[in-house]
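Written out below as structure tokens is the structure these notes cover.
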Amino acid sequence: MRISMHIPRTFFPKWCIPRADRRPQKSVQLHIFRQLQTNHPTTALVAIKPTVEQVLPKCRFMQYRRGNEHLKRLGMVSEDGGKMVELSSITCAAPNMMDFIHQRYCMDNLLDSVQFMTIEDVEAVDLRLLPPIDSPGKIIGIDCNYVDNCDEQHISIPREPRFHVMFATSITGALDNIKAHSLARHIDYGCQLAVVMGKKCREVAPKEALNHVFGFMVVQNIVARDRNALFGGHSMDTFLPLGPTIVHRCHVPDVNNLWIKTLVNGEERQTGNTRNMIFKVDFLIHRLSQYLTLCPGDIILTGTPAGSGAYRQPLCFLKPGDLIESEIQNLGRMCNKVVTLRPLTIATFRSISTHSARGGIKLQGYGHHGKAPLSLLSEEWVRGPLGVGMLTYLCSEDFCAMRFEHSGKEDKANGSKKSN
């Protein structure tokens with residue numbers, strides 16, 4: 001037991017561990033980039049010395065930020081997850097994934113030039129992993145696209161694919177928290193293969209469909225079963241973890257033979273293979289392109305295998321504190337924790353110093369009972385019940401508040417009494 005636990009402690013890079021506020025246990029250490037050296041999901045993890053080809057970064061693209069910077073960067077990571085190169089600073093590649101896809105960069109030239117780039121050790125780089133793509137034009141999902149998923153629902157296999165749409169505001173990263181919204185009580189999971197389009201296409205033939213694909217990635221499609229599918233069920237904030245990278249299609253020789261699995265708190269809930277899809281990737285692209293124009297950066301979700309919590313006995317919905325691990329062969333692994341969404345709190349704050357302005361009182365500094373710094377969003381003069389006054393909006397990570405002041409009187413947004 002001690003020997004088996006020693007391998008992940010020493011092999012997994014530190015930067016792939018969730019931050020302290022997201023970490024469910026101190027002993028949980030995940031290497032989300034490393035593809036398993038096996039074609040079967042149940043085979044034990046063994047330490048294999050990586051080859052030269054595995055050490056060199058490949059077309060496995062990630063978005064990240066360094067340290068405390070706000071600048072988004074684009075990089076490539078190796079198959080073993082140990083090495084990386086930054087593309088946005090040393091090449092003419094765009095600094096974000098959407099623009100990079102539109103550039104239609106030649107992957108052969110990019111792979112040839114990697115050996116001349118500065119290759120960095122991932123463990124030595126202070127970075128924060130971002131979703132590999134965060135502003136797609138369209139996100140399209142499909143219902144019941146696996147045979148075993150139809151069997152567990154006791155429904156017949158569909159003759160035509162049934163699509164639904166999602167919104168980009170639900171996207172979050174491969175190590176970010178999933179927020180359990182108070183409006184959703186039956187929160188379910190479903191690991192899916194996601195297709196990222198690379199070219200604009202309309203009415204494309206099935207045999208040409210994969211030529212318009214940029215790459216593939218892992219998606220954990222969180223859904224509120226008790227909410228409307230369009231306006232909440234699939235599209236609540238943080239309900240669409242993506243990542244950890246987008247693997248270019250040149251590194252995925254057979255997209256119709258990849259195993260998929262989901263673990264919740266270490267228990268295997270889903271295990272399947274993309275060969276069990278009812279409608280294959282090429283057909284999905286063909287059928288969608290008959291209805292609408294697919295553009296670079298659009299995301300197509302291809303369905304989830306059996307094992308969702310809504311169809312298990314007893315029901316196994318997600319709850320705050322649960323840890324979800326999602327993995328697809330050769331594409332990577334995600335680790336997301338379900339947390340309680342803290343309600344928006346109105347801060348009580350006081351004026352530190354004031355001065356007269358246009359007959360009103362304008363605040364110069366603020367203090368409140370929260371620990372996070374409170375920053376000023378905007379100030380504007382408005383006509384309220386007491387006449388013309390200054391309406392001030394403030395916010396922090398935990399609080400938001402507004403304040404109206406006129407002639408020395410205040411009407412705080414938290415319902416406190418007016419003071420002279």
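Following the order of the structure tokens, first chain is A, next is B, and so on, with residues numbered from 1 inside each chain and ligands from 1 in the order they appear.
Of all the residues in stretch 232-355 of chain A, the ones DSSP labels as helix (DSSP H, G or I) from the backbone are Gly232, Gly233, Arg249, Cys250, His251, Thr274, Arg275, Asn276, Val281, Asp282, Phe283, Leu284, Ile285, His286, Arg287, Leu288, Ser289, Gln290, Tyr291, Gly309, Ala310 and Tyr311 of chain A.
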Please identify all polymer residues within 9 Å of stretch 109-121 of chain A, counting only C-alpha atoms, omitting same-chain residues fewer than 5 positions from it, and present them as a VMD selection string.
-> chain A and resid 56 to 59 82 to 87 90
Just how far from atom CA of A:Glu69 is atom CA of A:Ser326, in Å to one decimal?
->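 Result for atom CA of A:Ser326 versus atom CA of A:Glu69: 28.4 Å, one decimal.
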Neighbour list for A:Thr274 as a PyMOL selection string, cut-off 7 Å, only C-alpha atoms, skip fewer than 6 positions in-chain | chain A and resi 256-259
Residue with the minimum atom-to-atom distance to A:Pro296, picked from A:Ile139, A:Ile155, A:Met62, A:Met107 with only C-alpha atoms counted, is A:Ile139
A:Leu242: which residues within 9 Å, counting only C-alpha atoms, same-chain residues fewer than 5 positions away excluded, as JSON, numbers by chain?
-> {"A": [131, 132, 133, 134, 171, 172, 173, 174, 194, 217, 218, 219, 220, 221, 334]}
Neighbour list for A:Arg225 as a PyMOL selection string, cut-off 10 Å, only C-alpha atoms, skip fewer than 5 positions in-chain = chain A and resi 184-189+232-234+310+317
Using only C-alpha atoms, the shortest atom-to-atom distance to A:Thr245 among A:Leu341, A:Cys316, A:Leu183, A:Val196 belongs to A:Val196
For A:Asn96, list every protein, DNA or RNA residue within 8 Å, evaluated using only C-alpha atoms, and leave out those in the same chain fewer than 6 positions away; present the list as a PyMOL selection string.
-> chain A and resi 63+72-74+133
Quick one: write out the picked residues with N, CA, C and O atoms as a compact mmCIF listing (two decimals), in the first residue's frame?
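Heads up, here's the output in again_20.txt:
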# COMPACT_ATOMS: atom_id res chain seq x y z
N GLN A 63 -4.68 26.92 -22.41
CA GLN A 63 -4.67 28.35 -22.08
C GLN A 63 -4.35 28.49 -20.60
O GLN A 63 -4.85 27.73 -19.78
N LYS A 72 -3.58 36.38 -20.77
CA LYS A 72 -3.86 35.01 -21.17
C LYS A 72 -2.78 34.55 -22.14
O LYS A 72 -2.39 35.28 -23.06
N ARG A 73 -2.30 33.32 -21.96
CA ARG A 73 -1.24 32.77 -22.81
C ARG A 73 -1.69 31.43 -23.41
O ARG A 73 -2.54 30.74 -22.84
N LEU A 74 -1.07 31.10 -24.52
CA LEU A 74 -1.35 29.84 -25.22
C LEU A 74 -0.09 29.00 -25.23
O LEU A 74 1.00 29.51 -25.54
N ILE A 133 -10.72 26.66 -24.19
CA ILE A 133 -11.45 27.59 -25.05
C ILE A 133 -12.61 28.14 -24.21
O ILE A 133 -13.29 27.38 -23.52
